[in-house]
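Reviewing the structure listed below.
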Amino acid sequence: MTGIDKAFGGVPALRGASLRVLPGEVHAIVGQNGAGKSTLIKILTGVHRRDAGTVLWQGGSIEPKSPREAQAAGIATIYQELTLVPQRSVTENIVLGYEPRTRLGLIDWRAAEARTRAVLARFGIDIDIRRPLGRYPTAIQQLVAIGRAASMEAKLLIMDEPTSSLDEREVEVLFGVIRALRAEGTAILYVSHFLDELFEVCDGVTIMRDGRTVGESRIAATTRLDLIAAMLGRDADEIRAAGRTELSVGRAATGAVFLDAANLSAGGRLRDVSLQVRAGEIVGLAGLLGSGRTEAARAIFGLDRLSGGTIAVDGTPRRIDTPRAAIAAGMAFLTEDRKVEGIVPDLSVRENLTLALLPRLTRMGVVDEGRERRIVEGFIRSLGIKAADMDQPIRELSGGNQQKVLLGRWLATEPRLLILDEPTRGVDVGAKLEIQAIIARHVEKGCAVLLISSEFEELIEGAHGIVVLQEGRSVRRLSNPGVTEPMLIAAIAAAPGAGGA
Amino acid sequence: MTGGGLDLRRFARPLGGGVHLTVWVVLALLVLFGTLRYENFASAYNVSSFLGYNAMFVLISVGMCLVIMTGGIDLSVGSVVALGSVVAALLSPQGLAVALPAGVATGLAVGAVNAALIVGLGLPPFMATLAAMLAAKGLALILADSGTVPVDWASDFTGLGMNTVAGLLPWTILIAAAVVLVAWAVLERTSMGRTILAVGGNAEAAHLMGLKTARALVFVYVFSGACAGLAGVFLASGYGAGQPLEGAGWELAAIAAVVVGGTLLTGGMGSVPATVAGALLFGLVFNLLNFENGRGTISLSANWQSVIRGAFLLVVILLQVRLARPGGRA
Amino acid sequence: MTAAGLSAPGAPRRRRADRRLLGLAAALAALLVLNVAVTPNFLNLQTLAVNASQVATIAIVALGMTLVIASGGIDLSVGAVMAVAGALAPLIFLSPWGVANPGPGLAASVAVPLLVAAACGVFNGALVAFLGVQPIIATLILFISGRGIAQVLTNGNLQTFTNPDFTWLGTGRVLGLPVQGWIALALTLVIALVVRRTIYGRQLLAMGGNARAAALAGVPVARVTIATYTLAATLAGLAGLIVVAQNSASDAARIGQLMELDAIAAAVVGGAALTGGRAPVLGTLLGAVFIQLVGYTLIANGVPDEATLIVTAGIIVAAVRLQDGRRRG
């Protein structure tokens, strides 16, 4: 693939991206969220159509218009989001669309089940294949997805984050399958943020950043740190210039501990996280994708049920089991995905901004619009929200401004703990600096902040302490001042078990 | 893993599997109850009239089942029954060979319109079939000149609704059974059948897997329409008249039967046989109530019947909520 | 840049909704003009009154339906609830107690049916909010059994009566126009205000627009859901009372037949999105009027009754298509 461009609604997702995979090669693609990996793959598999560039497959140019066409061409995919049908049985999910037939042309279930068992046997799985897929843990579902793709005798097998829910033993099994496929001449495109895996099983790697391909190398010729550096664009001048943040550690935090979370566990992703945040302090949560940062935030805010651990607010243990309870305890949570969990698209800027504040703005059931407008005006001013007027539908605003409105929603509740999950993601540089400045101001006034960010500059320059998460566990706490980027990267990338607490 | 309790499960699967087995059990129990309690319950007359009447509901329930499996809904079914009955009655002088296909074709046509609106224009199934329901009803009234349309008794048309095989099995139920069998076979043994289920389970995944989702969606709506049209022919043939105002609320009876049979409205799973059992179950409740009334021990007017139906549905829903919890999520 | 325009309350926000409303109003106006030109006796008070009384009941139910649709659900039970309420009222004021105490009897015959209707709404709302039952199924229960309950109460009998105090609700005139018309207008106003100005209204729209975001922001989703279904059912109960008053008769088998369809149609034409998040109250009223007027235009000009059904179907399809187009655009 060369020179691939793709834009969605005017926003470019890919700019001149490229990718080369040799037959029988296991090739990796790496990059942060939004780097364009998924989009590039979806162009290859017929989900999206490219705007520009060429795709050469086995010597000829192709332009698959549907997943079925791509599959017919010999490209099979295992997507990141589980794209199987949980209500249907394991057998069906393996054979759907390619069911073995009897002579009459009807589906031969016996043959289907035999094929399914054979496929799963490669992974050492022996389960009741008649039960609905959804009843099995995510790891099994993932392996079934992989099994399906592997059984389609494709020439190129694309795996997008295949190990995200597998344990070590299952990952080893997967690698065995990958090596076997490679030996058979199948090329594999491997996308993962678990860099260790790439070094174990891949032959080559392509690095993407901001919609472009910024590097390509043989795995043997590069190191983990090199990869991370390229992914983050450490050496690009423009990033460094914008990299200076508005967060800066002033005097050390002396406030009392507001939040004390110990040994939190929930679901599968959160295993054992402990952290403390003081008033007037910013605590950063760092880690690669999938390390459990968002899960920790959600558990603290009462969105997910804890299976273990305790939360204490202001020294008193509290049961936070709903967002309302969290808000009542003085917490606020700006989520990662503003489209899915943040904005109510049809409502206005004003209505979105005051959504969490409504109970306090209401007298006898009626919203005090005068007060509301004054508050909103204030935030529009102080946050620098660019909108035609406060009654404009929020969906018409730019991403950065939407984010500011959501930030305003939470700041309006005058929280004592502000949990921010990637607050400046998808936001232009100018708005980013403004948001950071706003956060800094509130911290100075005594607000506690738990900051999840993939932007190391934000954490290093702004956080008083950084808790590093790996695979659902808090492994280290780095204290500022004194943290440098190499230190942080090393802590994040360190193999689990190394580098003490 | 596949051992233990093997026999029962092998038995359960073709009938619809675990949850669905309950419907059959309840059905069997009620039949037993009726046979023991009421003299004429197991009589040829009762059985044949019960089956003959409920053949219509079995048909529309099966059609609805397939639609619901894709995660959609078909609110036009009741009106299509009415329309089918009117068309069939109008053509009854031409005999069964003309009137029957005509009725079915009418339903098929409405189904095709539904499919066009839903798959072609992307309208939500609720709204599209709601509009079709109104339009079909209007059409039925127009064709029938706002009255009922008496059939031509001289032709062989009424033979369909009135005659039985061996005095026990009405033709209507036999034809319905054949349709059910075909639907079941398509669902279980063809690629399109599996696509129907996949679309309901996770439409996006189905598309990414390369399945022909559009074709499956068109099929279910056309099939549902055809079933309703056929039921309309049964209606006209069995009652001697095409009735434009009958069928009101039938779509909801069909939905209830599907729900009772264990199929979830969210789509992606379900069982045709269990839906049939559900439809028969509702009909049986009525039948039993009639008998109980006849005994004079209670006096349940027709009004109570709908109350009981509703209560029945409530119980089933509560049970489903209970059952849905431990399943589903991994 | 941000200070300018802040003082203009609400006006620019309604840009998109306004355009739609304007379109509907224009269509309505065109229809009126057409009728004045073509339909005999259109402009007299009698015609107006007849139309108004027919629209009123649909509009009242449609208002409640709009709220339910705005929450992301649907309510199929409104017709049945109408029947229940309509059956209860005569039972009360015709009972021995009611006859002996006409004053309280009348009051009870209005209050009790409304309370029972509200209870039906709580039932629906609880199924949806606490048990997670889909609205179409949850409200299906009452759809199936509500009418039966009404018929059981009345023993399947048609109740006719003469009670001028009660029937005033359906036949009285204020300033020449029917009482129910004024009630419908007043309710439209009240509900519009509720949606726009109260915390409930805000939370309803937020919940319908993005349930996850709303829950995250602390909106009491269960409470809002139940309140919505209760309100819709109460309005349906009121409509039932009006119909009974209008006819001086209560026929449990007939009251509210197909009302849910009319209400949904009015709401959709008025701009409600089945996905939730929008409650165009004024639009609903106009939608109901529009559908009514279309029907009347056709009938008064000799088009058979049945054809109006087909036309309504076409209107619904067009309305949904337009809505989709607007959303994507």
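Every chain in the structure tokens takes a letter, A first, then B, and so on in the order presented; its residues are numbered from 1, and the ligands are numbered from 1 following the presented order.
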
- Using only C-alpha atoms, determine which residues lie at most 12 Å from A:Trp57, disregarding the query and same-chain residues fewer than 2 positions distant; provide the list as an MDAnalysis selection string. chainID A and resid 1:2 19:23 44:45 54:55 59:64 70 73:75 155:156 187

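Within stretch 55-234 of chain B, residues classed as strand (DSSP E or B) by DSSP on backbone coordinates are Val149, Pro150, Thr164, Val165, Leu169 and Pro170 of chain B.
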
Between chain C and chain B, at 7 Å or less, what are the per-residue closest atom pairs and their distances in Å? Count only C-alpha atoms, order by chain and rising residue number, and return it as a Markdown table.
| residue | atom | partner | partner_atom | distance |
| --- | --- | --- | --- | --- |
| C:Leu131 | CA | B:Val321 | CA | 6.9 |
| C:Ile141 | CA | B:Gly310 | CA | 5.0 |
| C:Leu142 | CA | B:Gly310 | CA | 6.7 |
| C:Ile144 | CA | B:Gly310 | CA | 5.4 |
| C:Ser145 | CA | B:Val307 | CA | 4.1 |
| C:Gly146 | CA | B:Val307 | CA | 6.9 |
| C:Gly148 | CA | B:Asn303 | CA | 4.6 |
| C:Ile149 | CA | B:Val307 | CA | 6.0 |
| C:Gln151 | CA | B:Asn303 | CA | 5.6 |
| C:Val152 | CA | B:Asn303 | CA | 5.6 |
| C:Glu306 | CA | B:Gly138 | CA | 4.4 |
| C:Ala307 | CA | B:Gly138 | CA | 5.5 |
| C:Leu309 | CA | B:Gly138 | CA | 5.0 |
| C:Ile310 | CA | B:Ala135 | CA | 4.0 |
| C:Ala313 | CA | B:Ala131 | CA | 4.2 |
| C:Gly314 | CA | B:Ala131 | CA | 6.9 |
| C:Ile316 | CA | B:Ala131 | CA | 6.3 |
| C:Val317 | CA | B:Ala131 | CA | 6.6 |

- Quick one: which residues from chain A are at most 9 Å off chain B, using only C-alpha atoms, as JSON, numbers by chain? {"A": [45, 46, 47, 66, 67, 68, 69, 70, 71, 77, 82, 83, 84, 85, 86, 87, 88, 92, 93, 96, 97, 98, 99, 101, 105, 106, 107, 108, 109, 126, 127, 128, 129, 130, 132, 133, 134, 135, 136, 137, 138]}

Those residues with N, CA and C atoms, as a compact mmCIF listing (two decimals), in the first residue's frame please?
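out_5.txt, written as the output of this step:
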# COMPACT_ATOMS: atom_id res chain seq x y z
N THR A 45 -9.21 -4.09 3.85
CA THR A 45 -10.21 -5.15 3.94
C THR A 45 -11.57 -4.76 3.40
N GLY A 46 -11.64 -3.63 2.73
CA GLY A 46 -12.88 -3.31 2.04
C GLY A 46 -13.95 -2.63 2.88
N VAL A 47 -13.63 -2.27 4.10
CA VAL A 47 -14.63 -1.60 4.92
C VAL A 47 -14.74 -0.13 4.53
N SER A 66 -15.95 -4.39 -0.43
CA SER A 66 -16.70 -4.94 0.70
C SER A 66 -15.81 -5.97 1.37
N PRO A 67 -16.12 -6.29 2.62
CA PRO A 67 -15.32 -7.31 3.30
C PRO A 67 -15.33 -8.63 2.53
N ARG A 68 -16.47 -8.91 1.91
CA ARG A 68 -16.54 -10.17 1.20
C ARG A 68 -15.55 -10.21 0.05
N GLU A 69 -15.40 -9.09 -0.62
CA GLU A 69 -14.44 -9.05 -1.74
C GLU A 69 -13.02 -9.25 -1.24
N ALA A 70 -12.72 -8.61 -0.13
CA ALA A 70 -11.36 -8.77 0.41
C ALA A 70 -11.11 -10.21 0.79
N GLN A 71 -12.13 -10.81 1.40
CA GLN A 71 -11.96 -12.22 1.79
C GLN A 71 -11.80 -13.10 0.56
N THR A 77 -9.39 -11.18 8.23
CA THR A 77 -9.11 -10.23 9.31
C THR A 77 -9.70 -10.64 10.65
N LEU A 82 -14.43 -7.13 19.03
CA LEU A 82 -14.83 -8.49 18.74
C LEU A 82 -15.95 -8.50 17.71
N THR A 83 -15.62 -8.93 16.50
CA THR A 83 -16.66 -8.91 15.48
C THR A 83 -17.14 -10.31 15.20
N LEU A 84 -17.62 -10.91 16.24
CA LEU A 84 -18.30 -12.18 16.08
C LEU A 84 -19.72 -11.98 16.59
N VAL A 85 -20.52 -13.01 16.48
CA VAL A 85 -21.91 -12.89 16.92
C VAL A 85 -22.06 -13.67 18.22
N PRO A 86 -22.14 -12.99 19.35
CA PRO A 86 -22.13 -13.69 20.63
C PRO A 86 -23.34 -14.61 20.86
N GLN A 87 -24.46 -14.30 20.18
CA GLN A 87 -25.63 -15.12 20.42
C GLN A 87 -25.55 -16.48 19.72
N ARG A 88 -24.70 -16.55 18.74
CA ARG A 88 -24.62 -17.79 17.98
C ARG A 88 -23.57 -18.71 18.56
N GLU A 92 -20.93 -22.02 14.74
CA GLU A 92 -21.39 -21.09 13.72
C GLU A 92 -20.42 -19.97 13.50
N ASN A 93 -19.89 -19.45 14.59
CA ASN A 93 -18.99 -18.34 14.43
C ASN A 93 -17.75 -18.73 13.65
N LEU A 96 -19.42 -19.49 9.80
CA LEU A 96 -20.40 -18.58 9.19
C LEU A 96 -19.92 -18.04 7.86
N GLY A 97 -20.75 -18.26 6.85
CA GLY A 97 -20.40 -17.76 5.53
C GLY A 97 -19.62 -18.77 4.71
N TYR A 98 -19.10 -19.76 5.37
CA TYR A 98 -18.29 -20.76 4.65
C TYR A 98 -18.67 -22.15 5.11
N GLU A 99 -19.96 -22.33 5.31
CA GLU A 99 -20.41 -23.59 5.89
C GLU A 99 -20.20 -24.75 4.92
N ARG A 101 -21.14 -28.01 2.94
CA ARG A 101 -22.46 -28.39 2.45
C ARG A 101 -22.58 -29.88 2.22
N GLY A 105 -26.86 -29.42 -0.90
CA GLY A 105 -26.66 -27.99 -0.82
C GLY A 105 -27.03 -27.41 0.53
N LEU A 106 -27.48 -28.28 1.43
CA LEU A 106 -27.80 -27.79 2.77
C LEU A 106 -26.56 -27.86 3.64
N ILE A 107 -26.60 -27.12 4.73
CA ILE A 107 -25.44 -27.08 5.62
C ILE A 107 -25.24 -28.43 6.29
N ASP A 108 -24.02 -28.87 6.28
CA ASP A 108 -23.69 -30.13 6.94
C ASP A 108 -23.11 -29.82 8.31
N TRP A 109 -23.97 -29.90 9.32
CA TRP A 109 -23.52 -29.49 10.65
C TRP A 109 -22.47 -30.42 11.21
N ASP A 126 -10.80 -27.23 24.12
CA ASP A 126 -11.83 -28.26 24.03
C ASP A 126 -13.04 -27.77 24.81
N ILE A 127 -13.98 -27.23 24.08
CA ILE A 127 -15.17 -26.68 24.76
C ILE A 127 -16.43 -27.18 24.07
N ASP A 128 -17.55 -26.93 24.68
CA ASP A 128 -18.81 -27.29 24.08
C ASP A 128 -19.10 -26.31 22.96
N ILE A 129 -18.92 -26.75 21.74
CA ILE A 129 -19.01 -25.81 20.63
C ILE A 129 -20.44 -25.48 20.24
N ARG A 130 -21.41 -26.05 20.96
CA ARG A 130 -22.79 -25.74 20.62
C ARG A 130 -23.32 -24.58 21.44
N PRO A 132 -23.68 -20.82 23.00
CA PRO A 132 -23.47 -19.49 22.41
C PRO A 132 -22.09 -18.95 22.77
N LEU A 133 -21.48 -18.31 21.80
CA LEU A 133 -20.12 -17.81 22.00
C LEU A 133 -20.03 -16.85 23.17
N GLY A 134 -21.09 -16.07 23.33
CA GLY A 134 -21.07 -15.03 24.35
C GLY A 134 -20.94 -15.57 25.77
N ARG A 135 -21.19 -16.86 25.95
CA ARG A 135 -21.11 -17.40 27.29
C ARG A 135 -19.68 -17.65 27.74
N TYR A 136 -18.77 -17.59 26.80
CA TYR A 136 -17.39 -17.89 27.13
C TYR A 136 -16.63 -16.61 27.43
N PRO A 137 -15.57 -16.73 28.21
CA PRO A 137 -14.78 -15.53 28.52
C PRO A 137 -14.19 -14.92 27.27
N THR A 138 -13.88 -13.65 27.36
CA THR A 138 -13.38 -12.91 26.21
C THR A 138 -12.18 -13.59 25.57

As a compact mmCIF listing (two decimals) with C-alpha atoms, in the first residue's frame, please: the residues near B:Val47 (cut-off 9 Å, only C-alpha atoms, same-chain neighbours under 6 positions excluded).
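What follows is the written file out-v4.txt:
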# COMPACT_ATOMS: atom_id res chain seq x y z
CA PHE B 41 -61.33 -31.74 24.97
CA LEU B 168 -58.77 -34.70 12.39
CA LEU B 169 -56.25 -32.55 10.65

- Query: Counting only C-alpha atoms, which residues of chain A come no farther than 8 Å from chain C, as a ChimeraX atom specification?
  - Reply: /A:303,323-324,327,340-348,351,355-356,358-359,362,365-367,369,377,380-381,385-393

Requested write-out: N, CA and C atoms of the selected residues, as a JSON list (two decimals), in the first residue's frame:
[["chain", "number", "residue", "atom", "x", "y", "z"],
["A", 303, "LEU", "N", -18.72, 3.49, 38.15],
["A", 303, "LEU", "CA", -19.34, 2.99, 36.93],
["A", 303, "LEU", "C", -19.26, 1.49, 36.81],
["A", 323, "PRO", "N", -22.52, 6.65, 39.66],
["A", 323, "PRO", "CA", -21.98, 8.00, 39.42],
["A", 323, "PRO", "C", -22.59, 9.04, 40.36],
["A", 324, "ARG", "N", -23.86, 8.86, 40.68],
["A", 324, "ARG", "CA", -24.47, 9.84, 41.57],
["A", 324, "ARG", "C", -23.77, 9.87, 42.92],
["A", 327, "ILE", "N", -20.50, 11.65, 42.47],
["A", 327, "ILE", "CA", -20.68, 13.11, 42.38],
["A", 327, "ILE", "C", -20.98, 13.67, 43.75],
["A", 340, "VAL", "N", -19.29, 9.03, 22.81],
["A", 340, "VAL", "CA", -20.09, 7.94, 23.33],
["A", 340, "VAL", "C", -20.64, 8.23, 24.72],
["A", 341, "GLU", "N", -19.79, 8.88, 25.53],
["A", 341, "GLU", "CA", -20.21, 9.05, 26.94],
["A", 341, "GLU", "C", -20.22, 10.49, 27.39],
["A", 342, "GLY", "N", -20.03, 11.40, 26.49],
["A", 342, "GLY", "CA", -19.90, 12.78, 26.94],
["A", 342, "GLY", "C", -21.01, 13.68, 26.48],
["A", 343, "ILE", "N", -21.04, 13.98, 25.22],
["A", 343, "ILE", "CA", -21.99, 15.00, 24.78],
["A", 343, "ILE", "C", -23.35, 14.40, 24.47],
["A", 344, "VAL", "N", -24.37, 15.17, 24.73],
["A", 344, "VAL", "CA", -25.70, 14.83, 24.25],
["A", 344, "VAL", "C", -25.88, 15.68, 22.99],
["A", 345, "PRO", "N", -25.75, 15.05, 21.84],
["A", 345, "PRO", "CA", -25.54, 15.82, 20.60],
["A", 345, "PRO", "C", -26.63, 16.82, 20.25],
["A", 346, "ASP", "N", -27.89, 16.50, 20.57],
["A", 346, "ASP", "CA", -28.95, 17.41, 20.14],
["A", 346, "ASP", "C", -29.15, 18.58, 21.09],
["A", 347, "LEU", "N", -28.58, 18.49, 22.26],
["A", 347, "LEU", "CA", -28.77, 19.58, 23.20],
["A", 347, "LEU", "C", -27.74, 20.69, 22.97],
["A", 348, "SER", "N", -28.04, 21.85, 23.53],
["A", 348, "SER", "CA", -27.19, 23.01, 23.28],
["A", 348, "SER", "C", -25.95, 22.98, 24.17],
["A", 351, "GLU", "N", -27.07, 23.55, 27.73],
["A", 351, "GLU", "CA", -27.69, 22.41, 28.39],
["A", 351, "GLU", "C", -26.67, 21.32, 28.69],
["A", 355, "LEU", "N", -25.47, 20.01, 32.69],
["A", 355, "LEU", "CA", -26.16, 18.74, 32.91],
["A", 355, "LEU", "C", -25.92, 18.14, 34.30],
["A", 356, "ALA", "N", -24.67, 18.17, 34.74],
["A", 356, "ALA", "CA", -24.39, 17.56, 36.04],
["A", 356, "ALA", "C", -24.75, 18.49, 37.18],
["A", 358, "LEU", "N", -27.56, 20.34, 37.32],
["A", 358, "LEU", "CA", -28.99, 20.63, 37.34],
["A", 358, "LEU", "C", -29.63, 20.62, 38.73],
["A", 359, "PRO", "N", -29.36, 19.60, 39.55],
["A", 359, "PRO", "CA", -30.04, 19.60, 40.85],
["A", 359, "PRO", "C", -29.77, 20.89, 41.64],
["A", 362, "THR", "N", -31.83, 24.04, 40.37],
["A", 362, "THR", "CA", -33.28, 23.94, 40.30],
["A", 362, "THR", "C", -33.92, 24.39, 41.58],
["A", 365, "GLY", "N", -38.30, 22.34, 41.11],
["A", 365, "GLY", "CA", -38.47, 21.66, 39.84],
["A", 365, "GLY", "C", -38.15, 22.49, 38.62],
["A", 366, "VAL", "N", -38.11, 23.77, 38.78],
["A", 366, "VAL", "CA", -37.86, 24.62, 37.61],
["A", 366, "VAL", "C", -36.40, 25.06, 37.61],
["A", 367, "VAL", "N", -35.83, 24.97, 36.45],
["A", 367, "VAL", "CA", -34.43, 25.37, 36.33],
["A", 367, "VAL", "C", -34.33, 26.88, 36.33],
["A", 369, "GLU", "N", -33.06, 29.69, 34.98],
["A", 369, "GLU", "CA", -32.31, 29.97, 33.75],
["A", 369, "GLU", "C", -31.40, 31.18, 33.88],
["A", 377, "GLU", "N", -22.14, 31.60, 30.95],
["A", 377, "GLU", "CA", -21.36, 32.73, 30.42],
["A", 377, "GLU", "C", -19.98, 32.73, 31.03],
["A", 380, "ILE", "N", -17.92, 29.98, 29.58],
["A", 380, "ILE", "CA", -17.56, 30.24, 28.18],
["A", 380, "ILE", "C", -16.39, 31.20, 28.14],
["A", 381, "ARG", "N", -16.45, 32.17, 29.04],
["A", 381, "ARG", "CA", -15.36, 33.13, 29.09],
["A", 381, "ARG", "C", -14.09, 32.50, 29.60],
["A", 385, "ILE", "N", -14.49, 29.06, 25.31],
["A", 385, "ILE", "CA", -15.26, 28.20, 24.41],
["A", 385, "ILE", "C", -15.74, 29.01, 23.22],
["A", 386, "LYS", "N", -15.41, 28.51, 22.03],
["A", 386, "LYS", "CA", -15.81, 29.25, 20.83],
["A", 386, "LYS", "C", -17.11, 28.68, 20.29],
["A", 387, "ALA", "N", -18.17, 29.40, 20.57],
["A", 387, "ALA", "CA", -19.47, 28.98, 20.04],
["A", 387, "ALA", "C", -20.22, 30.23, 19.62],
["A", 388, "ALA", "N", -21.11, 30.07, 18.65],
["A", 388, "ALA", "CA", -21.86, 31.24, 18.18],
["A", 388, "ALA", "C", -22.65, 31.84, 19.34],
["A", 389, "ASP", "N", -23.26, 30.99, 20.11],
["A", 389, "ASP", "CA", -23.92, 31.43, 21.34],
["A", 389, "ASP", "C", -24.19, 30.18, 22.16],
["A", 390, "MET", "N", -24.58, 30.39, 23.37],
["A", 390, "MET", "CA", -24.67, 29.23, 24.26],
["A", 390, "MET", "C", -25.79, 28.27, 23.88],
["A", 391, "ASP", "N", -26.66, 28.70, 22.98],
["A", 391, "ASP", "CA", -27.76, 27.81, 22.59],
["A", 391, "ASP", "C", -27.47, 27.02, 21.32],
["A", 392, "GLN", "N", -26.25, 27.13, 20.86],
["A", 392, "GLN", "CA", -25.90, 26.36, 19.67],
["A", 392, "GLN", "C", -25.86, 24.88, 20.01],
["A", 393, "PRO", "N", -26.35, 24.02, 19.12],
["A", 393, "PRO", "CA", -26.26, 22.58, 19.39],
["A", 393, "PRO", "C", -24.80, 22.17, 19.49]]
